[in-house]
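Step one of this worksheet: look at the structure below.
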2 protein chains.
Amino acid sequence: MPRSPSSQPTEVEIQILRILWELGPSPVREIHKRLNAAKGTNYSTTVKMLSVMLQKGLVKRDEDAQPHVYRPAANRAKTGKKMLDDLIERVYEGSAMSLVLQVLSSTRASKEELNEMRRMLDQMEGK
Amino acid sequence: MPRSPSSQPTEVEIQILRILWELGPSPVREIHKRLNAAKGTNYSTTVKMLSVMLQKGLVKRDEDAQPHVYRPAANRAKTGKKMLDDLIERVYEGSAMSLVLQVLSSTRASKEELNEMRRMLDQMEGK
DNA sequence: TGATAATAGCGAATCGTTTCGCTGCGTCAA
DNA sequence: TTGACGCAGCGAAACGATTCGCTATTATCA
């Protein structure tokens, strides 16, 4: 019985994506500097991971540039949304609201954030 | 460079937890029935997974009962919250609000849900 | 020009997860 | 008793994710 692919970015992949979201398009050297600072892994590892991610379509690269420049295939919001949808599906069986309430019930928020949320609610209701 | 443990329930583990959340405390046979229906895996696999999860503290079991009865160590809300916190940390770098807004901006909600959320916002502001 | 360093890629080792075969034990009916 | 059956456990295979050593290619410059 083969295992079905997770389709979700793995741990290290997320770490790399985060670096790219923060730095913007970067050469391996830069990415490695950050990744190594975080986990102490080898340069080869970074290169390999990027090639795997390229394969999977998680990052793109400009091969004309020298050295090659990597950039995320999707931005943070889009990726986060996808992972979230997946989490909701797996744990809450599709009920996004249960989860939002869950988060709200245990999180602090600033005045601005609260207001922004009210605005959003009004908008959702007003249609 | 050793890998650091994820501390998150894995895919199959979540599947089993969901079954337990729905069914309540159950013997292996019942759990297996569901898991097998979902993925076609062997009885041995279910037993093994449960023993791994017992090891990790994800489930508990009553060994006096015959056959043994398994139950989740944490309920759905608690587990979901933990996984969510982890997701927020990994993707949104700890900003729970970014994520809530993200969800709200792309989800439909019923009148009741909207009201419940307003109530919650008021409560958060109230102190 | 030859040594040195940066860049890129590949195959294999390692690790945690998932899967299963095989074994042992207890129960129950013929 | 014996043999069929359900329950439980263990070790190892299979698999994807991660890590790295080794090699090749290209740029740098003394």
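Going by the structure tokens order, chains are called A, B, ..., each with residues numbered from 1, while ligands are numbered from 1 in the order shown.
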
For this session: as a PyMOL selection string, list the residues of chain B assigned to alpha helix (DSSP H) by DSSP on the backbone atoms of this structure.
Result: chain B and resi 11-23+28-39+43-56+76-92+96-104+111-125

For this session: Find the spatial neighbours of region 8-21 of chain C, counting only C-alpha atoms (C1' of nucleotides), within a cut-off of 8 Å - ignore same-chain residues fewer than 5 positions away - and output them as a ChimeraX atom specification.
Result: /A:1,3,47 /B:3,41-42,44-45 /D:14-15,18-19

What would the file look like if the residues just selected were written as a PDB file, in the first residue's frame with N, CA, C and O atoms (P, O5', C5', C4', C3', O3' and C1' of nucleotides)?
```pdb
ATOM      1  N   MET A   1       0.851  -1.218   0.000  1.00  0.00           N
ATOM      2  CA  MET A   1       0.000   0.000   0.000  1.00  0.00           C
ATOM      3  C   MET A   1       0.878   1.257   0.000  1.00  0.00           C
ATOM      4  O   MET A   1       1.443   1.626   1.018  1.00  0.00           O
ATOM      5  N   ARG A   3       2.137   5.150  -0.006  1.00  0.00           N
ATOM      6  CA  ARG A   3       1.667   6.318   0.733  1.00  0.00           C
ATOM      7  C   ARG A   3       1.282   7.426  -0.221  1.00  0.00           C
ATOM      8  O   ARG A   3       1.931   7.633  -1.239  1.00  0.00           O
ATOM      9  N   VAL A  47      21.526  23.725  -1.364  1.00  0.00           N
ATOM     10  CA  VAL A  47      21.436  23.571  -2.812  1.00  0.00           C
ATOM     11  C   VAL A  47      20.459  22.442  -3.155  1.00  0.00           C
ATOM     12  O   VAL A  47      19.588  22.602  -4.004  1.00  0.00           O
TER      13      VAL A  47
ATOM     14  N   ARG B   3      18.174  15.634  12.850  1.00  0.00           N
ATOM     15  CA  ARG B   3      16.952  16.411  12.626  1.00  0.00           C
ATOM     16  C   ARG B   3      16.206  16.603  13.926  1.00  0.00           C
ATOM     17  O   ARG B   3      16.161  15.710  14.749  1.00  0.00           O
ATOM     18  N   THR B  41      -5.410  -0.047   4.669  1.00  0.00           N
ATOM     19  CA  THR B  41      -4.227  -0.620   5.313  1.00  0.00           C
ATOM     20  C   THR B  41      -4.574  -1.799   6.210  1.00  0.00           C
ATOM     21  O   THR B  41      -5.711  -1.989   6.620  1.00  0.00           O
ATOM     22  N   ASN B  42      -3.527  -2.536   6.526  1.00  0.00           N
ATOM     23  CA  ASN B  42      -3.609  -3.773   7.280  1.00  0.00           C
ATOM     24  C   ASN B  42      -3.907  -3.564   8.771  1.00  0.00           C
ATOM     25  O   ASN B  42      -3.585  -2.525   9.328  1.00  0.00           O
ATOM     26  N   SER B  44      -2.416  -4.985  11.270  1.00  0.00           N
ATOM     27  CA  SER B  44      -1.132  -4.817  11.966  1.00  0.00           C
ATOM     28  C   SER B  44      -0.692  -3.362  11.984  1.00  0.00           C
ATOM     29  O   SER B  44      -0.116  -2.885  12.956  1.00  0.00           O
ATOM     30  N   THR B  45      -0.933  -2.696  10.884  1.00  0.00           N
ATOM     31  CA  THR B  45      -0.540  -1.297  10.764  1.00  0.00           C
ATOM     32  C   THR B  45      -1.252  -0.449  11.804  1.00  0.00           C
ATOM     33  O   THR B  45      -0.641   0.399  12.465  1.00  0.00           O
TER      34      THR B  45
ATOM     35  P    DA D  14      11.362  -4.178   0.774  1.00  0.00           P
ATOM     36  O5'  DA D  14      10.563  -2.825   1.040  1.00  0.00           O
ATOM     37  C5'  DA D  14       9.169  -2.902   1.283  1.00  0.00           C
ATOM     38  C4'  DA D  14       8.599  -1.510   1.256  1.00  0.00           C
ATOM     39  C3'  DA D  14       9.124  -0.626   0.129  1.00  0.00           C
ATOM     40  O3'  DA D  14       8.003   0.099  -0.352  1.00  0.00           O
ATOM     41  C1'  DA D  14       9.536   0.402   2.202  1.00  0.00           C
ATOM     42  P    DC D  15       8.154   0.984  -1.673  1.00  0.00           P
ATOM     43  O5'  DC D  15       8.114   2.475  -1.120  1.00  0.00           O
ATOM     44  C5'  DC D  15       7.148   2.814  -0.147  1.00  0.00           C
ATOM     45  C4'  DC D  15       7.437   4.191   0.396  1.00  0.00           C
ATOM     46  C3'  DC D  15       8.202   5.115  -0.562  1.00  0.00           C
ATOM     47  O3'  DC D  15       7.449   6.302  -0.734  1.00  0.00           O
ATOM     48  C1'  DC D  15       9.169   5.159   1.592  1.00  0.00           C
ATOM     49  P    DT D  18      11.965  17.817   4.911  1.00  0.00           P
ATOM     50  O5'  DT D  18      13.491  17.420   5.113  1.00  0.00           O
ATOM     51  C5'  DT D  18      13.870  16.838   6.340  1.00  0.00           C
ATOM     52  C4'  DT D  18      15.327  16.455   6.297  1.00  0.00           C
ATOM     53  C3'  DT D  18      16.287  17.597   5.961  1.00  0.00           C
ATOM     54  O3'  DT D  18      17.059  17.828   7.144  1.00  0.00           O
ATOM     55  C1'  DT D  18      16.895  15.572   4.878  1.00  0.00           C
ATOM     56  P    DT D  19      18.127  19.026   7.179  1.00  0.00           P
ATOM     57  O5'  DT D  19      19.490  18.282   6.867  1.00  0.00           O
ATOM     58  C5'  DT D  19      19.874  17.173   7.662  1.00  0.00           C
ATOM     59  C4'  DT D  19      21.049  16.474   7.023  1.00  0.00           C
ATOM     60  C3'  DT D  19      22.156  17.422   6.548  1.00  0.00           C
ATOM     61  O3'  DT D  19      23.264  17.334   7.416  1.00  0.00           O
ATOM     62  C1'  DT D  19      21.728  15.649   4.991  1.00  0.00           C
TER      63       DT D  19
END
```

Pull the closest atom pair for each residue of chain B that gets at most 10 Å from chain A, along with the distance in Å to one decimal, counting only C-alpha atoms, ordering rows by chain and then ascending residue number, as a tab-separated table.
```
residue	atom	partner	partner_atom	distance
B:Met1	CA	A:Thr41	CA	6.7
B:Pro2	CA	A:Thr41	CA	9.6
B:Arg3	CA	A:Lys39	CA	9.2
B:Ser4	CA	A:Lys39	CA	9.5
B:Ser6	CA	A:Glu11	CA	8.1
B:Glu11	CA	A:Ser6	CA	8.2
B:Ile14	CA	A:Val91	CA	7.3
B:Gln15	CA	A:Arg90	CA	7.7
B:Leu17	CA	A:Val91	CA	8.9
B:Arg18	CA	A:Val91	CA	7.1
B:Lys39	CA	A:Met1	CA	8.5
B:Gly40	CA	A:Met1	CA	7.6
B:Thr41	CA	A:Met1	CA	6.8
B:Asn42	CA	A:Met1	CA	9.0
B:Arg76	CA	A:Val91	CA	7.3
B:Ala77	CA	A:Gln102	CA	7.5
B:Lys78	CA	A:Gln102	CA	9.3
B:Thr79	CA	A:Val91	CA	8.4
B:Gly80	CA	A:Val91	CA	6.2
B:Lys81	CA	A:Gln102	CA	7.0
B:Met83	CA	A:Leu87	CA	8.0
B:Leu84	CA	A:Leu87	CA	7.8
B:Asp85	CA	A:Val103	CA	8.6
B:Leu87	CA	A:Leu84	CA	7.8
B:Ile88	CA	A:Gly80	CA	8.5
B:Arg90	CA	A:Ile14	CA	7.2
B:Val91	CA	A:Gly80	CA	6.3
B:Tyr92	CA	A:Gly80	CA	7.6
B:Glu93	CA	A:Arg18	CA	8.9
B:Ser95	CA	A:Thr107	CA	9.8
B:Ala96	CA	A:Thr107	CA	7.3
B:Met97	CA	A:Glu113	CA	7.3
B:Ser98	CA	A:Ala77	CA	8.9
B:Leu99	CA	A:Gly80	CA	7.9
B:Val100	CA	A:Val100	CA	6.1
B:Leu101	CA	A:Met117	CA	7.0
B:Gln102	CA	A:Lys81	CA	7.0
B:Val103	CA	A:Lys81	CA	7.2
B:Leu104	CA	A:Met120	CA	7.4
B:Ser105	CA	A:Met120	CA	7.3
B:Ser106	CA	A:Lys81	CA	9.0
B:Thr107	CA	A:Ala96	CA	7.5
B:Arg108	CA	A:Met124	CA	7.6
B:Ala109	CA	A:Met97	CA	7.3
B:Ser110	CA	A:Glu125	CA	8.8
B:Lys111	CA	A:Glu125	CA	7.6
B:Glu113	CA	A:Met97	CA	7.3
B:Leu114	CA	A:Leu121	CA	6.6
B:Asn115	CA	A:Leu121	CA	8.9
B:Glu116	CA	A:Leu101	CA	8.5
B:Met117	CA	A:Leu101	CA	7.0
B:Arg118	CA	A:Arg118	CA	7.1
B:Met120	CA	A:Ser105	CA	7.4
B:Leu121	CA	A:Leu114	CA	6.5
B:Asp122	CA	A:Leu114	CA	8.7
B:Gln123	CA	A:Ser105	CA	9.6
B:Met124	CA	A:Arg108	CA	7.6
B:Glu125	CA	A:Lys111	CA	7.5
```

Problem set entry | Residue with smallest distance to chain C - pool A:Thr46, A:Ser7, A:Asn36, A:Asn75, counting only C-alpha atoms (C1' of nucleotides) | A:Thr46

For this session: Mind running a least-squares superposition of chain A onto chain B over all the C-alpha atoms, in order, and reading off the RMSD?
Result: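 The RMSD between chain A and chain B over C-alpha atoms is 0.3 Å.
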
Problem set entry | Among the residues B:Tyr70, B:Leu58, B:Val52, B:Glu30, the one that comes closest to chain C [using only C-alpha atoms (C1' of nucleotides)] | B:Val52

Exercise. Counting only C-alpha atoms (C1' of nucleotides), what is within 12 Å of Ala65 (chain A), bar same-chain residues fewer than 2 positions away, as a VMD selection string?
Worked result: chain A and resid 25 to 28 61 to 63 67 to 70

May I ask you to extract the residues of chain D within 12 Å of chain B, using only C-alpha atoms (C1' of nucleotides), and to give them as an mmCIF file with all heavy atoms, in the first residue's frame?
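Okay, this is what ended up in selection-v6.cif:
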```cif
data_model
loop_
_atom_site.group_PDB
_atom_site.id
_atom_site.type_symbol
_atom_site.label_atom_id
_atom_site.label_comp_id
_atom_site.auth_asym_id
_atom_site.auth_seq_id
_atom_site.Cartn_x
_atom_site.Cartn_y
_atom_site.Cartn_z
ATOM 1 P P DG D 6 -12.009 -13.852 13.790
ATOM 2 O OP1 DG D 6 -13.349 -13.445 13.330
ATOM 3 O OP2 DG D 6 -10.850 -13.878 12.861
ATOM 4 O "O5'" DG D 6 -11.609 -12.947 15.030
ATOM 5 C "C5'" DG D 6 -12.443 -12.952 16.193
ATOM 6 C "C4'" DG D 6 -11.649 -12.382 17.347
ATOM 7 O "O4'" DG D 6 -10.557 -13.276 17.664
ATOM 8 C "C3'" DG D 6 -11.012 -11.020 17.052
ATOM 9 O "O3'" DG D 6 -11.170 -10.208 18.209
ATOM 10 C "C2'" DG D 6 -9.555 -11.348 16.779
ATOM 11 C "C1'" DG D 6 -9.331 -12.549 17.689
ATOM 12 N N9 DG D 6 -8.261 -13.447 17.262
ATOM 13 C C8 DG D 6 -8.054 -13.976 16.006
ATOM 14 N N7 DG D 6 -7.004 -14.747 15.949
ATOM 15 C C5 DG D 6 -6.492 -14.739 17.246
ATOM 16 C C6 DG D 6 -5.356 -15.399 17.785
ATOM 17 O O6 DG D 6 -4.564 -16.150 17.230
ATOM 18 N N1 DG D 6 -5.196 -15.105 19.148
ATOM 19 C C2 DG D 6 -6.027 -14.294 19.872
ATOM 20 N N2 DG D 6 -5.712 -14.120 21.165
ATOM 21 N N3 DG D 6 -7.086 -13.668 19.373
ATOM 22 C C4 DG D 6 -7.259 -13.937 18.059
ATOM 23 P P DC D 7 -10.657 -8.708 18.254
ATOM 24 O OP1 DC D 7 -11.588 -7.918 19.087
ATOM 25 O OP2 DC D 7 -10.346 -8.310 16.870
ATOM 26 O "O5'" DC D 7 -9.305 -8.863 19.069
ATOM 27 C "C5'" DC D 7 -9.359 -9.329 20.416
ATOM 28 C "C4'" DC D 7 -7.977 -9.280 21.028
ATOM 29 O "O4'" DC D 7 -7.163 -10.287 20.394
ATOM 30 C "C3'" DC D 7 -7.254 -7.937 20.814
ATOM 31 O "O3'" DC D 7 -6.769 -7.494 22.070
ATOM 32 C "C2'" DC D 7 -6.149 -8.256 19.827
ATOM 33 C "C1'" DC D 7 -5.902 -9.736 20.103
ATOM 34 N N1 DC D 7 -5.358 -10.520 18.967
ATOM 35 C C2 DC D 7 -4.234 -11.306 19.174
ATOM 36 O O2 DC D 7 -3.706 -11.320 20.293
ATOM 37 N N3 DC D 7 -3.731 -12.045 18.147
ATOM 38 C C4 DC D 7 -4.325 -12.007 16.951
ATOM 39 N N4 DC D 7 -3.794 -12.764 15.966
ATOM 40 C C5 DC D 7 -5.486 -11.213 16.711
ATOM 41 C C6 DC D 7 -5.958 -10.495 17.742
ATOM 42 P P DA D 8 -6.156 -6.023 22.240
ATOM 43 O OP1 DA D 8 -6.409 -5.562 23.613
ATOM 44 O OP2 DA D 8 -6.592 -5.203 21.089
ATOM 45 O "O5'" DA D 8 -4.609 -6.350 22.105
ATOM 46 C "C5'" DA D 8 -4.011 -7.180 23.085
ATOM 47 C "C4'" DA D 8 -2.547 -7.406 22.742
ATOM 48 O "O4'" DA D 8 -2.444 -8.274 21.604
ATOM 49 C "C3'" DA D 8 -1.784 -6.124 22.389
ATOM 50 O "O3'" DA D 8 -0.781 -5.931 23.383
ATOM 51 C "C2'" DA D 8 -1.209 -6.398 20.999
ATOM 52 C "C1'" DA D 8 -1.291 -7.914 20.884
ATOM 53 N N9 DA D 8 -1.484 -8.429 19.531
ATOM 54 C C8 DA D 8 -2.471 -8.101 18.641
ATOM 55 N N7 DA D 8 -2.408 -8.751 17.499
ATOM 56 C C5 DA D 8 -1.281 -9.560 17.643
ATOM 57 C C6 DA D 8 -0.668 -10.488 16.789
ATOM 58 N N6 DA D 8 -1.127 -10.774 15.571
ATOM 59 N N1 DA D 8 0.443 -11.122 17.242
ATOM 60 C C2 DA D 8 0.881 -10.828 18.480
ATOM 61 N N3 DA D 8 0.390 -9.977 19.375
ATOM 62 C C4 DA D 8 -0.704 -9.372 18.890
ATOM 63 P P DG D 9 0.261 -4.697 23.275
ATOM 64 O OP1 DG D 9 0.706 -4.382 24.642
ATOM 65 O OP2 DG D 9 -0.325 -3.654 22.408
ATOM 66 O "O5'" DG D 9 1.489 -5.371 22.515
ATOM 67 C "C5'" DG D 9 1.974 -6.609 23.015
ATOM 68 C "C4'" DG D 9 3.228 -7.009 22.268
ATOM 69 O "O4'" DG D 9 2.866 -7.623 21.005
ATOM 70 C "C3'" DG D 9 4.132 -5.825 21.921
ATOM 71 O "O3'" DG D 9 5.462 -6.177 22.289
ATOM 72 C "C2'" DG D 9 3.970 -5.657 20.415
ATOM 73 C "C1'" DG D 9 3.622 -7.062 19.962
ATOM 74 N N9 DG D 9 2.802 -7.155 18.757
ATOM 75 C C8 DG D 9 1.673 -6.421 18.461
ATOM 76 N N7 DG D 9 1.135 -6.735 17.301
ATOM 77 C C5 DG D 9 1.966 -7.730 16.802
ATOM 78 C C6 DG D 9 1.898 -8.456 15.587
ATOM 79 O O6 DG D 9 1.055 -8.356 14.671
ATOM 80 N N1 DG D 9 2.933 -9.370 15.465
ATOM 81 C C2 DG D 9 3.919 -9.564 16.402
ATOM 82 N N2 DG D 9 4.837 -10.483 16.114
ATOM 83 N N3 DG D 9 3.993 -8.897 17.553
ATOM 84 C C4 DG D 9 2.995 -8.000 17.678
ATOM 85 P P DC D 10 6.664 -5.132 22.196
ATOM 86 O OP1 DC D 10 7.462 -5.243 23.431
ATOM 87 O OP2 DC D 10 6.133 -3.820 21.761
ATOM 88 O "O5'" DC D 10 7.505 -5.773 21.004
ATOM 89 C "C5'" DC D 10 7.591 -7.186 20.909
ATOM 90 C "C4'" DC D 10 8.447 -7.553 19.713
ATOM 91 O "O4'" DC D 10 7.591 -7.750 18.565
ATOM 92 C "C3'" DC D 10 9.448 -6.468 19.326
ATOM 93 O "O3'" DC D 10 10.701 -7.078 19.102
ATOM 94 C "C2'" DC D 10 8.846 -5.829 18.083
ATOM 95 C "C1'" DC D 10 8.015 -6.957 17.487
ATOM 96 N N1 DC D 10 6.790 -6.509 16.781
ATOM 97 C C2 DC D 10 6.468 -7.067 15.540
ATOM 98 O O2 DC D 10 7.211 -7.917 15.055
ATOM 99 N N3 DC D 10 5.340 -6.651 14.904
ATOM 100 C C4 DC D 10 4.562 -5.725 15.458
ATOM 101 N N4 DC D 10 3.454 -5.360 14.804
ATOM 102 C C5 DC D 10 4.876 -5.142 16.722
ATOM 103 C C6 DC D 10 5.992 -5.555 17.348
ATOM 104 P P DG D 11 12.023 -6.183 18.870
ATOM 105 O OP1 DG D 11 13.111 -6.778 19.683
ATOM 106 O OP2 DG D 11 11.682 -4.754 18.989
ATOM 107 O "O5'" DG D 11 12.336 -6.514 17.339
ATOM 108 C "C5'" DG D 11 12.419 -7.880 16.920
ATOM 109 C "C4'" DG D 11 12.518 -7.926 15.413
ATOM 110 O "O4'" DG D 11 11.251 -7.543 14.830
ATOM 111 C "C3'" DG D 11 13.555 -6.958 14.844
ATOM 112 O "O3'" DG D 11 14.247 -7.609 13.783
ATOM 113 C "C2'" DG D 11 12.720 -5.777 14.354
ATOM 114 C "C1'" DG D 11 11.414 -6.451 13.955
ATOM 115 N N9 DG D 11 10.227 -5.599 14.095
ATOM 116 C C8 DG D 11 9.961 -4.694 15.095
ATOM 117 N N7 DG D 11 8.809 -4.090 14.958
ATOM 118 C C5 DG D 11 8.280 -4.620 13.792
ATOM 119 C C6 DG D 11 7.053 -4.339 13.148
ATOM 120 O O6 DG D 11 6.155 -3.563 13.474
ATOM 121 N N1 DG D 11 6.905 -5.104 11.984
ATOM 122 C C2 DG D 11 7.833 -6.005 11.516
ATOM 123 N N2 DG D 11 7.521 -6.649 10.373
ATOM 124 N N3 DG D 11 8.979 -6.277 12.123
ATOM 125 C C4 DG D 11 9.143 -5.547 13.248
ATOM 126 P P DA D 17 8.435 13.868 0.607
ATOM 127 O OP1 DA D 17 7.349 14.837 0.843
ATOM 128 O OP2 DA D 17 9.136 13.849 -0.688
ATOM 129 O "O5'" DA D 17 9.515 14.044 1.750
ATOM 130 C "C5'" DA D 17 9.063 14.050 3.092
ATOM 131 C "C4'" DA D 17 10.206 14.402 4.023
ATOM 132 O "O4'" DA D 17 11.191 13.359 3.989
ATOM 133 C "C3'" DA D 17 10.942 15.708 3.683
ATOM 134 O "O3'" DA D 17 11.223 16.354 4.914
ATOM 135 C "C2'" DA D 17 12.200 15.229 2.971
ATOM 136 C "C1'" DA D 17 12.459 13.895 3.658
ATOM 137 N N9 DA D 17 13.114 12.868 2.855
ATOM 138 C C8 DA D 17 12.777 12.464 1.590
ATOM 139 N N7 DA D 17 13.513 11.476 1.138
ATOM 140 C C5 DA D 17 14.391 11.213 2.188
ATOM 141 C C6 DA D 17 15.426 10.267 2.344
ATOM 142 N N6 DA D 17 15.766 9.375 1.411
ATOM 143 N N1 DA D 17 16.109 10.272 3.508
ATOM 144 C C2 DA D 17 15.757 11.157 4.448
ATOM 145 N N3 DA D 17 14.801 12.090 4.421
ATOM 146 C C4 DA D 17 14.145 12.063 3.252
ATOM 147 P P DT D 18 11.965 17.817 4.911
ATOM 148 O OP1 DT D 18 11.530 18.506 6.144
ATOM 149 O OP2 DT D 18 11.820 18.458 3.600
ATOM 150 O "O5'" DT D 18 13.491 17.420 5.113
ATOM 151 C "C5'" DT D 18 13.870 16.838 6.340
ATOM 152 C "C4'" DT D 18 15.327 16.455 6.297
ATOM 153 O "O4'" DT D 18 15.552 15.454 5.301
ATOM 154 C "C3'" DT D 18 16.287 17.597 5.961
ATOM 155 O "O3'" DT D 18 17.059 17.828 7.144
ATOM 156 C "C2'" DT D 18 17.123 17.069 4.791
ATOM 157 C "C1'" DT D 18 16.895 15.572 4.878
ATOM 158 N N1 DT D 18 17.001 14.781 3.633
ATOM 159 C C2 DT D 18 17.889 13.734 3.617
ATOM 160 O O2 DT D 18 18.601 13.468 4.564
ATOM 161 N N3 DT D 18 17.919 13.017 2.454
ATOM 162 C C4 DT D 18 17.156 13.229 1.324
ATOM 163 O O4 DT D 18 17.268 12.504 0.346
ATOM 164 C C5 DT D 18 16.238 14.344 1.390
ATOM 165 C C7 DT D 18 15.368 14.663 0.227
ATOM 166 C C6 DT D 18 16.211 15.052 2.531
ATOM 167 P P DT D 19 18.127 19.026 7.179
ATOM 168 O OP1 DT D 19 18.165 19.469 8.582
ATOM 169 O OP2 DT D 19 17.854 19.986 6.092
ATOM 170 O "O5'" DT D 19 19.490 18.282 6.867
ATOM 171 C "C5'" DT D 19 19.874 17.173 7.662
ATOM 172 C "C4'" DT D 19 21.049 16.474 7.023
ATOM 173 O "O4'" DT D 19 20.608 15.796 5.834
ATOM 174 C "C3'" DT D 19 22.156 17.422 6.548
ATOM 175 O "O3'" DT D 19 23.264 17.334 7.416
ATOM 176 C "C2'" DT D 19 22.516 16.936 5.146
ATOM 177 C "C1'" DT D 19 21.728 15.649 4.991
ATOM 178 N N1 DT D 19 21.223 15.453 3.613
ATOM 179 C C2 DT D 19 21.671 14.370 2.892
ATOM 180 O O2 DT D 19 22.465 13.564 3.319
ATOM 181 N N3 DT D 19 21.153 14.282 1.617
ATOM 182 C C4 DT D 19 20.255 15.142 1.025
ATOM 183 O O4 DT D 19 19.863 14.957 -0.115
ATOM 184 C C5 DT D 19 19.838 16.247 1.849
ATOM 185 C C7 DT D 19 18.864 17.255 1.296
ATOM 186 C C6 DT D 19 20.330 16.344 3.082
ATOM 187 P P DC D 20 24.473 18.365 7.243
ATOM 188 O OP1 DC D 20 25.196 18.423 8.525
ATOM 189 O OP2 DC D 20 24.012 19.593 6.586
ATOM 190 O "O5'" DC D 20 25.399 17.580 6.224
ATOM 191 C "C5'" DC D 20 25.800 16.263 6.558
ATOM 192 C "C4'" DC D 20 26.441 15.614 5.352
ATOM 193 O "O4'" DC D 20 25.487 15.511 4.288
ATOM 194 C "C3'" DC D 20 27.634 16.415 4.794
ATOM 195 O "O3'" DC D 20 28.785 15.606 4.909
ATOM 196 C "C2'" DC D 20 27.247 16.688 3.345
ATOM 197 C "C1'" DC D 20 26.196 15.603 3.077
ATOM 198 N N1 DC D 20 25.211 15.928 2.032
ATOM 199 C C2 DC D 20 25.077 15.069 0.933
ATOM 200 O O2 DC D 20 25.778 14.055 0.881
ATOM 201 N N3 DC D 20 24.188 15.382 -0.047
ATOM 202 C C4 DC D 20 23.454 16.493 0.053
ATOM 203 N N4 DC D 20 22.591 16.740 -0.930
ATOM 204 C C5 DC D 20 23.563 17.373 1.170
ATOM 205 C C6 DC D 20 24.453 17.062 2.131
#
```

Problem set entry | Those of region 39-124 of chain B in DSSP strand (DSSP E or B), formatted as number ranges by chain | B: 59-62, 69-72

Produce a file of the selected residues containing N, CA and C atoms, as an mmCIF file, in the first residue's frame.
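Output saved as part-v5.cif:
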```
data_model
loop_
_atom_site.group_PDB
_atom_site.id
_atom_site.type_symbol
_atom_site.label_atom_id
_atom_site.label_comp_id
_atom_site.auth_asym_id
_atom_site.auth_seq_id
_atom_site.Cartn_x
_atom_site.Cartn_y
_atom_site.Cartn_z
ATOM 1 N N VAL B 59 -2.173 9.078 22.553
ATOM 2 C CA VAL B 59 -3.382 8.365 22.981
ATOM 3 C C VAL B 59 -3.101 7.674 24.320
ATOM 4 N N LYS B 60 -4.177 7.333 24.997
ATOM 5 C CA LYS B 60 -4.035 6.553 26.225
ATOM 6 C C LYS B 60 -4.814 5.269 26.017
ATOM 7 N N ARG B 61 -4.586 4.282 26.861
ATOM 8 C CA ARG B 61 -5.376 3.064 26.703
ATOM 9 C C ARG B 61 -5.677 2.417 28.048
ATOM 10 N N ASP B 62 -6.805 1.778 28.060
ATOM 11 C CA ASP B 62 -7.214 1.026 29.241
ATOM 12 C C ASP B 62 -6.874 -0.430 28.990
ATOM 13 N N VAL B 69 -8.920 -0.651 25.342
ATOM 14 C CA VAL B 69 -9.662 0.484 24.787
ATOM 15 C C VAL B 69 -8.768 1.717 24.688
ATOM 16 N N TYR B 70 -8.729 2.302 23.508
ATOM 17 C CA TYR B 70 -7.901 3.495 23.287
ATOM 18 C C TYR B 70 -8.749 4.755 23.311
ATOM 19 N N ARG B 71 -8.128 5.854 23.800
ATOM 20 C CA ARG B 71 -8.808 7.150 23.742
ATOM 21 C C ARG B 71 -7.767 8.234 23.489
ATOM 22 N N PRO B 72 -8.190 9.339 22.880
ATOM 23 C CA PRO B 72 -7.245 10.427 22.590
ATOM 24 C C PRO B 72 -6.738 11.045 23.886
#
```
